[in-house]
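What follows is entry-v4.csv (CSV, C-alpha atoms and all ligand atoms).
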chain,number,residue,atom,x,y,z
I,1,MET,CA,0.0,0.0,0.0
I,2,LYS,CA,1.3,3.5,-0.8
I,3,SER,CA,2.0,5.5,2.3
I,4,TYR,CA,2.7,9.2,2.7
I,5,SER,CA,4.4,10.7,5.8
I,6,ILE,CA,2.8,14.0,6.8
I,7,ALA,CA,4.1,16.5,9.4
I,8,LEU,CA,1.2,18.0,11.3
I,9,ILE,CA,1.7,21.4,12.9
I,10,PRO,CA,-1.6,22.4,14.4
I,11,GLY,CA,-0.1,25.6,15.9
I,12,ASP,CA,-2.3,28.0,17.9
I,13,GLY,CA,-5.9,28.8,18.5
I,14,ILE,CA,-8.3,27.4,16.0
I,15,GLY,CA,-5.4,25.9,14.2
I,16,ARG,CA,-5.7,22.9,16.4
I,17,ASP,CA,-9.4,22.4,15.7
I,18,VAL,CA,-9.2,22.8,12.0
I,19,THR,CA,-6.2,20.5,11.5
I,20,ALA,CA,-7.8,17.8,13.6
I,21,ALA,CA,-10.9,18.1,11.4
I,22,ALA,CA,-9.0,18.0,8.2
I,23,TRP,CA,-7.0,15.0,9.4
I,24,THR,CA,-10.2,13.1,10.1
I,25,VAL,CA,-11.4,13.7,6.6
I,26,LEU,CA,-8.1,12.9,5.0
I,27,GLU,CA,-7.7,9.6,6.9
I,28,THR,CA,-11.2,8.6,5.7
I,29,ALA,CA,-10.3,9.5,2.1
I,30,ALA,CA,-7.1,7.5,2.4
I,31,LYS,CA,-8.9,4.5,3.7
I,32,ASN,CA,-11.5,4.6,0.9
I,33,PHE,CA,-8.9,5.0,-1.8
I,34,GLY,CA,-6.4,2.4,-0.5
I,35,PHE,CA,-3.4,4.4,0.6
I,36,ALA,CA,-2.0,5.3,4.0
I,37,LEU,CA,-1.3,8.7,5.6
I,38,THR,CA,1.1,8.6,8.5
I,39,GLY,CA,0.8,11.7,10.6
I,40,THR,CA,3.5,12.9,13.0
I,41,GLU,CA,2.4,15.8,15.1
I,42,PHE,CA,4.7,18.6,16.2
I,43,PRO,CA,3.5,20.8,19.1
I,44,TRP,CA,5.3,23.9,17.7
I,45,SER,CA,3.3,27.0,18.6
I,46,CYS,CA,3.3,30.0,20.9
I,47,ARG,CA,2.7,27.7,23.8
I,48,PHE,CA,5.9,25.8,22.8
I,49,PHE,CA,7.7,29.1,22.7
I,50,LYS,CA,6.6,30.0,26.2
I,51,GLU,CA,8.0,26.6,27.4
I,52,THR,CA,11.2,26.5,25.4
I,53,GLY,CA,12.0,30.0,24.2
I,54,ARG,CA,11.7,28.9,20.5
I,55,MET,CA,8.8,28.4,18.1
I,56,MET,CA,10.4,25.2,16.9
I,57,PRO,CA,13.6,23.4,17.8
I,58,GLU,CA,16.9,24.4,16.3
I,59,ASP,CA,16.8,21.4,14.0
I,60,GLY,CA,13.1,21.9,13.2
I,61,ILE,CA,13.6,22.5,9.5
I,62,GLU,CA,15.8,19.5,9.1
I,63,THR,CA,13.2,17.4,11.0
I,64,LEU,CA,10.5,18.5,8.5
I,65,ARG,CA,12.6,17.9,5.4
I,66,GLY,CA,12.1,14.2,5.5
I,67,PHE,CA,8.3,14.4,5.2
I,68,ASP,CA,6.2,14.1,2.1
I,69,ALA,CA,4.2,17.1,3.0
I,70,ILE,CA,3.3,19.4,5.9
I,71,LEU,CA,-0.2,20.3,7.1
I,72,LEU,CA,-0.3,23.4,9.2
I,73,GLY,CA,-3.2,25.0,11.1
I,74,ALA,CA,-2.3,28.6,12.1
I,75,VAL,CA,0.5,30.3,14.0
I,76,GLY,CA,0.1,33.3,16.3
I,77,TRP,CA,-1.1,34.1,19.8
I,78,PRO,CA,-0.4,37.9,19.9
I,79,ALA,CA,-1.7,38.3,23.5
I,80,GLU,CA,1.3,36.3,24.7
I,81,VAL,CA,4.0,36.2,21.9
I,82,PRO,CA,4.5,39.1,19.5
I,83,ASP,CA,3.5,38.1,15.9
I,84,SER,CA,6.9,39.3,14.7
I,85,VAL,CA,8.4,36.7,16.8
I,86,SER,CA,6.0,33.8,16.3
I,87,LEU,CA,5.6,34.1,12.5
I,88,HIS,CA,9.4,34.7,11.9
I,89,GLY,CA,10.1,31.7,14.2
I,90,LEU,CA,7.9,29.1,12.5
I,91,LEU,CA,5.7,29.7,9.4
I,92,LEU,CA,7.8,32.1,7.4
I,93,PRO,CA,11.2,30.2,7.8
I,94,ILE,CA,9.5,27.0,6.5
I,95,ARG,CA,8.2,28.7,3.4
I,96,LYS,CA,11.6,30.1,2.7
I,97,ALA,CA,13.8,27.2,3.7
I,98,PHE,CA,11.8,24.8,1.5
I,99,VAL,CA,11.6,27.2,-1.4
I,100,GLN,CA,7.8,27.0,-1.4
I,101,TYR,CA,7.8,30.0,-3.8
I,102,ALA,CA,4.4,29.4,-5.2
I,103,ASN,CA,1.5,30.0,-2.9
I,104,ILE,CA,-1.7,28.9,-4.6
I,105,ARG,CA,-5.0,30.2,-3.2
I,106,PRO,CA,-8.2,29.3,-5.1
I,107,HIS,CA,-11.2,31.5,-4.7
I,108,ARG,CA,-14.7,30.3,-5.7
I,109,LEU,CA,-18.1,29.9,-4.1
I,110,LEU,CA,-19.0,26.6,-2.7
I,111,PRO,CA,-22.6,25.5,-3.4
I,112,GLY,CA,-25.0,26.9,-0.9
I,113,VAL,CA,-22.6,29.6,0.3
I,114,THR,CA,-23.8,33.1,-0.4
I,115,GLY,CA,-20.9,35.4,-0.4
I,116,PRO,CA,-21.4,39.1,0.3
I,117,LEU,CA,-21.4,39.9,-3.4
I,118,ARG,CA,-24.3,39.6,-5.8
I,119,ALA,CA,-21.8,38.2,-8.3
I,120,GLU,CA,-21.8,34.5,-9.0
I,121,GLY,CA,-19.7,32.2,-11.0
I,122,PHE,CA,-16.2,33.5,-10.3
I,123,ASP,CA,-13.3,31.2,-10.2
I,124,ILE,CA,-10.0,33.0,-9.4
I,125,LEU,CA,-6.7,31.3,-8.7
I,126,CYS,CA,-4.3,33.6,-6.9
I,127,ILE,CA,-0.7,32.8,-7.2
I,128,ARG,CA,1.3,34.6,-4.5
I,129,GLU,CA,5.1,34.9,-4.6
I,130,ASN,CA,6.0,33.3,-1.2
I,131,THR,CA,9.7,33.7,-0.5
I,132,GLU,CA,10.9,37.2,-1.2
I,133,GLY,CA,9.6,40.7,-2.0
I,134,GLU,CA,8.2,42.7,0.9
I,135,TYR,CA,8.7,39.7,3.2
I,136,SER,CA,12.5,39.6,2.7
I,137,GLY,CA,13.1,40.6,6.3
I,138,ALA,CA,15.8,43.1,5.3
I,139,GLY,CA,15.9,46.4,7.1
I,140,GLY,CA,16.4,47.9,10.5
I,141,ARG,CA,15.8,50.8,12.9
I,142,VAL,CA,18.2,53.5,13.9
I,143,HIS,CA,18.0,56.1,16.7
I,144,GLN,CA,15.4,54.1,18.4
I,145,SER,CA,12.8,55.9,20.5
I,146,THR,CA,14.1,59.3,19.5
I,147,MET,CA,12.4,61.8,17.1
I,148,ASP,CA,15.2,61.0,14.7
I,149,GLU,CA,14.2,57.3,14.5
I,150,VAL,CA,14.0,55.8,11.1
I,151,ALA,CA,12.6,52.3,10.3
I,152,VAL,CA,13.5,50.7,6.9
I,153,GLU,CA,11.9,47.6,5.5
I,154,THR,CA,13.5,46.7,2.2
I,155,SER,CA,11.7,44.7,-0.4
I,156,ILE,CA,14.0,42.4,-2.4
I,157,PHE,CA,12.9,41.2,-5.8
I,158,THR,CA,15.3,39.0,-7.8
I,159,ARG,CA,15.0,38.3,-11.5
I,160,ALA,CA,15.1,34.5,-10.8
I,161,GLY,CA,12.4,35.0,-8.1
I,162,VAL,CA,10.0,37.1,-10.3
I,163,GLU,CA,10.5,35.0,-13.4
I,164,ARG,CA,9.8,31.7,-11.7
I,165,ILE,CA,6.6,32.9,-10.1
I,166,LEU,CA,5.3,34.5,-13.3
I,167,ARG,CA,6.1,31.4,-15.3
I,168,PHE,CA,4.3,29.4,-12.7
I,169,GLY,CA,1.3,31.7,-13.2
I,170,PHE,CA,1.5,31.4,-17.0
I,171,GLU,CA,1.5,27.6,-16.7
I,172,GLN,CA,-1.5,27.7,-14.4
I,173,ALA,CA,-3.3,30.0,-16.8
I,174,ARG,CA,-2.6,27.5,-19.6
I,175,SER,CA,-4.4,24.8,-17.7
I,176,ARG,CA,-7.4,27.0,-17.0
I,177,ARG,CA,-9.0,29.9,-19.0
I,178,ARG,CA,-5.8,31.3,-20.4
I,179,LYS,CA,-6.0,34.7,-18.7
I,180,LEU,CA,-3.3,36.1,-16.5
I,181,ALA,CA,-3.5,39.2,-14.3
I,182,SER,CA,-0.1,40.4,-13.3
I,183,VAL,CA,-0.3,42.7,-10.3
I,184,THR,CA,2.0,45.6,-9.3
I,185,LYS,CA,2.1,49.1,-8.1
I,186,SER,CA,4.5,50.3,-10.8
I,187,ASN,CA,2.9,53.8,-10.9
I,188,ALA,CA,4.3,54.5,-7.4
I,189,GLN,CA,7.1,52.0,-6.9
I,190,LYS,CA,9.5,52.6,-9.6
I,191,TYR,CA,12.2,50.0,-9.1
I,192,SER,CA,10.8,46.6,-8.1
I,193,MET,CA,7.4,47.0,-9.6
I,194,VAL,CA,8.6,48.4,-13.0
I,195,PHE,CA,11.1,45.4,-12.9
I,196,TRP,CA,8.1,43.0,-12.4
I,197,ASP,CA,6.1,44.6,-15.3
I,198,GLU,CA,9.1,44.3,-17.6
I,199,ILE,CA,9.5,40.6,-16.8
I,200,THR,CA,5.8,40.1,-17.3
I,201,ARG,CA,6.1,41.7,-20.8
I,202,LYS,CA,9.2,39.6,-21.6
I,203,LEU,CA,7.6,36.3,-20.6
I,204,ALA,CA,4.4,37.1,-22.4
I,205,ALA,CA,6.2,36.4,-25.6
I,206,ASP,CA,6.8,32.8,-24.5
I,207,TYR,CA,3.0,32.3,-23.8
I,208,PRO,CA,1.2,33.8,-26.8
I,209,ASP,CA,-1.8,31.7,-26.0
I,210,VAL,CA,-2.3,33.4,-22.7
I,211,GLU,CA,-4.0,36.8,-22.5
I,212,VAL,CA,-1.9,38.9,-20.1
I,213,THR,CA,-3.1,42.1,-18.4
I,214,SER,CA,-1.0,44.2,-15.9
I,215,TYR,CA,-3.1,45.8,-13.2
I,216,HIS,CA,-2.2,48.1,-10.4
I,217,VAL,CA,-3.0,46.4,-7.1
I,218,ASP,CA,-5.5,49.0,-6.0
I,219,ALA,CA,-7.5,48.6,-9.2
I,220,LEU,CA,-7.3,44.8,-9.0
I,221,ALA,CA,-8.6,44.9,-5.4
I,222,ALA,CA,-11.6,46.8,-6.6
I,223,ARG,CA,-12.0,44.5,-9.6
I,224,MET,CA,-12.0,41.4,-7.4
I,225,ILE,CA,-15.1,42.8,-5.7
I,226,MET,CA,-16.8,44.5,-8.7
I,227,ALA,CA,-16.2,42.0,-11.4
I,228,PRO,CA,-14.6,38.9,-10.0
I,229,GLU,CA,-15.9,36.7,-12.9
I,230,SER,CA,-13.5,38.7,-15.2
I,231,LEU,CA,-10.5,37.2,-13.5
I,232,ASP,CA,-8.8,33.9,-14.0
I,233,VAL,CA,-5.2,33.6,-12.7
I,234,VAL,CA,-3.8,36.5,-10.6
I,235,VAL,CA,-0.1,36.6,-9.9
I,236,ALA,CA,1.1,39.0,-7.2
I,237,SER,CA,4.0,39.7,-4.9
I,238,ASN,CA,4.2,38.4,-1.4
I,239,LEU,CA,2.4,41.3,0.4
I,240,PHE,CA,0.0,42.2,-2.4
I,241,GLY,CA,-0.9,38.5,-2.7
I,242,ASP,CA,-1.4,38.3,1.1
I,243,ILE,CA,-3.9,41.2,1.0
I,244,LEU,CA,-5.7,40.2,-2.2
I,245,THR,CA,-6.2,36.6,-0.9
I,246,ASP,CA,-8.1,37.9,2.2
I,247,ILE,CA,-10.3,39.8,-0.3
I,248,GLY,CA,-10.6,36.5,-2.2
I,249,ALA,CA,-11.6,34.8,1.1
I,250,ALA,CA,-14.2,37.5,1.8
I,251,ILE,CA,-15.9,37.2,-1.6
I,252,GLN,CA,-16.0,33.4,-1.0
I,253,GLY,CA,-18.1,34.0,2.1
I,254,GLY,CA,-15.3,34.3,4.7
I,255,LEU,CA,-11.9,33.2,5.9
I,256,GLY,CA,-13.2,29.8,6.8
I,257,TYR,CA,-13.4,28.9,3.1
I,258,ALA,CA,-10.1,30.0,1.7
I,259,ALA,CA,-7.5,27.3,1.1
I,260,SER,CA,-3.8,27.6,0.5
I,261,ALA,CA,-0.9,25.5,-0.8
I,262,ASN,CA,2.7,26.6,-0.4
I,263,ILE,CA,4.3,24.7,-3.2
I,264,ASN,CA,7.9,23.8,-3.9
I,265,PRO,CA,7.4,23.2,-7.6
I,266,ASP,CA,10.6,21.2,-8.3
I,267,GLY,CA,9.9,18.8,-5.4
I,268,SER,CA,13.4,19.4,-3.8
I,269,ALA,CA,11.7,19.8,-0.4
I,270,PRO,CA,8.2,19.3,1.1
I,271,SER,CA,5.3,21.6,0.3
I,272,MET,CA,3.1,22.9,3.0
I,273,PHE,CA,-0.7,23.1,3.1
I,274,GLU,CA,-2.7,25.5,5.4
I,275,PRO,CA,-5.8,27.6,5.4
I,276,VAL,CA,-5.4,31.3,4.5
I,277,HIS,CA,-6.8,32.3,7.9
I,278,GLY,CA,-5.0,32.7,11.2
I,279,SER,CA,-5.5,31.4,14.7
I,280,ALA,CA,-8.7,33.5,15.2
I,281,PRO,CA,-8.2,34.3,18.9
I,282,ASP,CA,-11.7,35.8,19.0
I,283,ILE,CA,-13.4,32.4,18.4
I,284,ALA,CA,-10.7,30.0,19.7
I,285,HIS,CA,-12.1,27.5,22.2
I,286,LEU,CA,-15.6,28.0,21.1
I,287,GLY,CA,-15.7,25.0,18.8
I,288,ILE,CA,-17.2,27.0,15.9
I,289,ALA,CA,-14.2,27.5,13.6
I,290,ASN,CA,-15.1,26.6,10.0
I,291,PRO,CA,-12.8,23.6,9.0
I,292,ILE,CA,-13.6,23.8,5.3
I,293,ALA,CA,-10.6,26.0,4.4
I,294,THR,CA,-8.3,23.4,6.0
I,295,ILE,CA,-10.1,20.4,4.5
I,296,TRP,CA,-9.8,22.1,1.1
I,297,SER,CA,-6.1,22.7,1.7
I,298,GLY,CA,-5.9,19.0,2.6
I,299,ALA,CA,-7.5,18.1,-0.7
I,300,MET,CA,-4.8,20.2,-2.4
I,301,MET,CA,-2.2,18.2,-0.5
I,302,LEU,CA,-3.7,14.9,-1.7
I,303,GLU,CA,-3.6,16.3,-5.3
I,304,HIS,CA,0.0,17.4,-4.8
I,305,LEU,CA,0.9,13.9,-3.5
I,306,GLY,CA,-0.6,12.4,-6.7
I,307,GLU,CA,-3.8,11.2,-5.2
I,308,LYS,CA,-6.0,13.1,-7.6
I,309,ALA,CA,-9.1,10.9,-7.3
I,310,ALA,CA,-9.1,11.1,-3.5
I,311,ALA,CA,-8.6,14.9,-3.7
I,312,GLY,CA,-11.5,15.2,-6.1
I,313,ARG,CA,-13.7,13.1,-3.8
I,314,VAL,CA,-12.9,15.2,-0.8
I,315,MET,CA,-13.9,18.3,-2.7
I,316,GLN,CA,-17.1,16.6,-3.8
I,317,ALA,CA,-17.9,15.7,-0.2
I,318,VAL,CA,-17.3,19.3,0.9
I,319,GLU,CA,-19.5,20.5,-1.9
I,320,ALA,CA,-22.3,18.0,-1.0
I,321,THR,CA,-22.1,19.2,2.6
I,322,THR,CA,-22.4,22.9,1.8
I,323,ALA,CA,-25.1,22.2,-0.8
I,324,ARG,CA,-27.1,20.7,2.1
I,325,GLY,CA,-26.7,24.0,4.0
I,326,ILE,CA,-24.1,22.7,6.5
I,327,GLY,CA,-21.2,25.0,7.1
I,328,THR,CA,-22.7,27.8,5.0
I,329,ILE,CA,-23.5,30.4,7.7
I,330,PRO,CA,-20.6,31.5,10.0
I,331,GLY,CA,-21.1,30.2,13.5
I,332,LYS,CA,-24.3,28.2,12.8
I,333,ASP,CA,-22.7,24.8,12.7
I,334,ARG,CA,-20.0,23.6,15.0
I,335,THR,CA,-16.6,22.4,13.7
I,336,ASP,CA,-17.4,18.8,14.7
I,337,ALA,CA,-20.8,18.9,12.9
I,338,ILE,CA,-19.3,20.2,9.7
I,339,THR,CA,-16.5,17.6,9.8
I,340,ALA,CA,-18.9,14.8,10.5
I,341,ALA,CA,-21.0,15.8,7.6
I,342,VAL,CA,-18.0,15.9,5.2
I,343,VAL,CA,-16.9,12.4,6.5
I,344,ALA,CA,-20.4,11.1,6.0
I,345,ALA,CA,-20.5,12.5,2.4
I,346,LEU,CA,-17.2,10.7,1.7
I,347,THR,CA,-18.5,7.2,2.6
I,401,LIG,P1,-7.5,35.6,11.5
I,401,LIG,O1,-7.6,35.0,10.1
I,401,LIG,O2,-7.1,34.7,12.6
I,401,LIG,O3,-9.0,36.1,11.9
I,401,LIG,C1,-9.7,37.1,11.2
I,401,LIG,C2,-11.2,37.0,11.4
I,401,LIG,O4,-11.7,35.8,10.7
I,401,LIG,C3,-11.6,36.7,12.9
I,401,LIG,O5,-12.8,37.4,13.1
I,401,LIG,C4,-11.8,35.2,12.9
I,401,LIG,O6,-12.7,34.8,13.9
I,401,LIG,C5,-12.3,34.9,11.5
I,401,LIG,N1,-11.9,33.6,11.1
I,401,LIG,C6,-10.7,33.2,10.7
I,401,LIG,N2,-10.7,31.9,10.4
I,401,LIG,C7,-12.0,31.4,10.6
I,401,LIG,C8,-12.6,30.1,10.5
I,401,LIG,N3,-11.9,29.0,10.1
I,401,LIG,N4,-13.9,30.0,10.8
I,401,LIG,C9,-14.6,31.1,11.2
I,401,LIG,N5,-14.0,32.3,11.3
I,401,LIG,C10,-12.7,32.5,11.1
I,401,LIG,O7,-6.7,36.9,11.4
I,401,LIG,P2,-6.1,37.8,12.6
I,401,LIG,O8,-7.1,38.0,13.7
I,401,LIG,O9,-5.5,39.0,12.0
I,401,LIG,O10,-4.8,37.0,13.2
I,401,LIG,C11,-4.9,36.2,14.4
I,401,LIG,C12,-3.5,35.5,14.6
I,401,LIG,O11,-3.2,34.6,13.5
I,401,LIG,C13,-2.3,36.5,14.5
I,401,LIG,O12,-1.4,36.1,15.4
I,401,LIG,C14,-1.9,36.4,13.1
I,401,LIG,O13,-0.5,36.8,12.9
I,401,LIG,C15,-2.0,35.0,12.9
I,401,LIG,N6,-2.2,34.6,11.5
I,401,LIG,C16,-1.6,33.4,11.1
I,401,LIG,C17,-1.7,32.9,9.9
I,401,LIG,C18,-1.0,31.6,9.5
I,401,LIG,O14,-0.5,30.9,10.4
I,401,LIG,N7,-1.0,31.2,8.3
I,401,LIG,C19,-2.5,33.5,8.9
I,401,LIG,C20,-3.1,34.7,9.3
I,401,LIG,C21,-3.0,35.2,10.6
I,402,LIG,C1,-1.0,34.3,5.5
I,402,LIG,C2,-0.7,35.0,6.7
I,402,LIG,C3,0.8,35.2,6.9
I,402,LIG,C4,1.4,35.9,5.7
I,402,LIG,C5,1.2,35.9,8.2
I,402,LIG,C6,0.6,35.3,9.4
I,402,LIG,C7,2.7,36.1,8.3
I,402,LIG,O1,-1.3,36.3,6.8
I,402,LIG,O2,-0.5,33.1,5.3
I,402,LIG,O3,-1.7,34.8,4.6
I,402,LIG,O4,1.3,37.1,5.6
I,402,LIG,O5,1.9,35.3,4.8
I,403,MN,MN,-2.7,36.5,5.1
Translate the structure of the given file into structure tokens.
Amino acid sequence: MKSYSIALIPGDGIGRDVTAAAWTVLETAAKNFGFALTGTEFPWSCRFFKETGRMMPEDGIETLRGFDAILLGAVGWPAEVPDSVSLHGLLLPIRKAFVQYANIRPHRLLPGVTGPLRAEGFDILCIRENTEGEYSGAGGRVHQSTMDEVAVETSIFTRAGVERILRFGFEQARSRRRKLASVTKSNAQKYSMVFWDEITRKLAADYPDVEVTSYHVDALAARMIMAPESLDVVVASNLFGDILTDIGAAIQGGLGYAASANINPDGSAPSMFEPVHGSAPDIAHLGIANPIATIWSGAMMLEHLGEKAAAGRVMQAVEATTARGIGTIPGKDRTDAITAAVVAALT
């Protein structure tokens, strides 16, 4: 029997509930489709930080390297550990160390879910650059706590980094509706974003079958709300992609529906699957977190592992569940009830 080793990092807050939910669904799918998933859980989180002074052990990255994939819930408990410490100690180093440069975030409405828009029938695939740009971590502060203080946060964009994410987007567009939106702010940011636009134009020559449009991020943000059906694949830098995908989540009906795959496209290290949302401290411990985003991310993991039939079946089960009105209204159905309904639809 084929077997896949999965590193499970539930993390903080609702991360624990939604990964448990997704794991239940994934194990059921594996059983039905005749393969095995072996989960190894790591307690790395803000609680772990309070106990050990680190978000993950020093050899955490090396420990994860041997797994076929990583399923993560959410990281962050800002009341006790500053986000700048927790995220830079766990989530962001994994994306970078494993060169998970393509962050894929699909946005479409599940049956029975009424998003806040009157629009219907949109199907957007956001491809977010995931290892550099505004998240490079380069910068510093001088003259701290004086009126002369200056804080600098440098965005680093490399030709290799921009080319590979745009090519990834072009390839995705080829397998879909052949439309690519490349997102920058080149009217205001004259180095990195002009550079990105130039590379977009250069690569467009290699993909004559794909219709490419360059948008400014502010206009694209409005378009995602006013005319989401006009968009197919959207490629954006790390920060712009982060913001646009919370808009994507919103038009899908909420953060509880938005899935995400941090892909290492050449397979040289594991890829990581997680919902777009965070640890939701405001609803943690209430048992009402929507697990669908994480279950959907789990389906993306199965697809990445090559278990396409099982992945498709999980999505069918999610769709059958929401079509019955379960998990369609935030807070109405408990995490366990939504999970049980998806599992029942699988069998
Ligand atoms: P958040 O995504 O945790 O929550 C935003 C809002 O969406 C909240 O009202 C929350 O209740 C709601 N929400 C989120 N997921 C939901 C779900 N599955 N079901 C129902 N409602 C849901 O964003 P935040 O409040 O800005 O961040 C909280 C913490 O999570 C911070 O520490 C932040 O840095 C961290 N965070 C982590 C990740 C990650 O690990 N990938 C992502 C985003 C935020
Ligand atoms: C996300 C999150 C993270 C990001 C944070 C928690 C660092 O918002 O995955 O969208 O900005 O990448
Ligand atoms: Mn985000």
Among the residues I:Leu203, I:Ala69, I:Ala221, I:Leu305, the one that comes closest to I:Phe35 [using all atoms listed in the file]: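 Closest residue, counting all atoms listed in the file: I:Leu305.
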Residues within 9 Å of ligand MN 403 (chain I) (all atoms listed in the file), as a PDB file with C-alpha atoms, in the frame of the given file?
ATOM      1  CA  LEU I 239       2.400  41.300   0.400  1.00  0.00           C
ATOM      2  CA  GLY I 241      -0.900  38.500  -2.700  1.00  0.00           C
ATOM      3  CA  ASP I 242      -1.400  38.300   1.100  1.00  0.00           C
ATOM      4  CA  ILE I 243      -3.900  41.200   1.000  1.00  0.00           C
ATOM      5  CA  LEU I 244      -5.700  40.200  -2.200  1.00  0.00           C
ATOM      6  CA  THR I 245      -6.200  36.600  -0.900  1.00  0.00           C
ATOM      7  CA  ASP I 246      -8.100  37.900   2.200  1.00  0.00           C
ATOM      8  CA  VAL I 276      -5.400  31.300   4.500  1.00  0.00           C
ATOM      9  CA  HIS I 277      -6.800  32.300   7.900  1.00  0.00           C
ATOM     10  CA  GLY I 278      -5.000  32.700  11.200  1.00  0.00           C
TER      11      GLY I 278
END
Test item: residues no farther than 6 Å from ligand LIG 401 (chain I), counting all atoms listed in the file, as a list of chain:residue names: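 Listed by chain and ascending number, the contacts are I:Ala74, I:Val75, I:Gly76, I:Trp77, I:Pro78, I:Asp83, I:Leu255, I:Gly256, I:Val276, I:His277, I:Gly278, I:Ser279, I:Ala280, I:Pro281, I:Asp282, I:Ile283, I:Ala289, I:Asn290, I:Pro291.
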Pick from I:Arg128, I:Leu231, I:Tyr191, I:Leu37, whichever lies nearest to I:Met1 using only C-alpha atoms: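 Once distances to I:Met1 are computed over only C-alpha atoms, the minimum belongs to I:Leu37.
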Which residue of I:Ser260, I:Ser175, I:Ser214, I:Asn32 approaches ligand LIG 402 (chain I) most closely, using all atoms listed in the file: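 When distances to ligand LIG 402 (chain I) are compared using all atoms listed in the file, the smallest one comes from I:Ser260.
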Contacts of I:Asn103 at 9 Å (all atoms listed in the file; same-chain gap of 5+ positions) as JSON, numbers by chain: {"I": [126, 127, 128, 129, 130, 238, 241, 260, 261, 262, 263, 264]}
Who sits within 6 Å of stretch 311-318 of chain I, all atoms listed in the file, same chain under 3 positions skipped, as a count of residues only: 8
Which residue of I:Leu180, I:Leu91, I:Val150, I:Val343 approaches ligand LIG 402 (chain I) most closely, using all atoms listed in the file: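 The shortest atom-to-atom distance to ligand LIG 402 (chain I) comes from I:Leu91.
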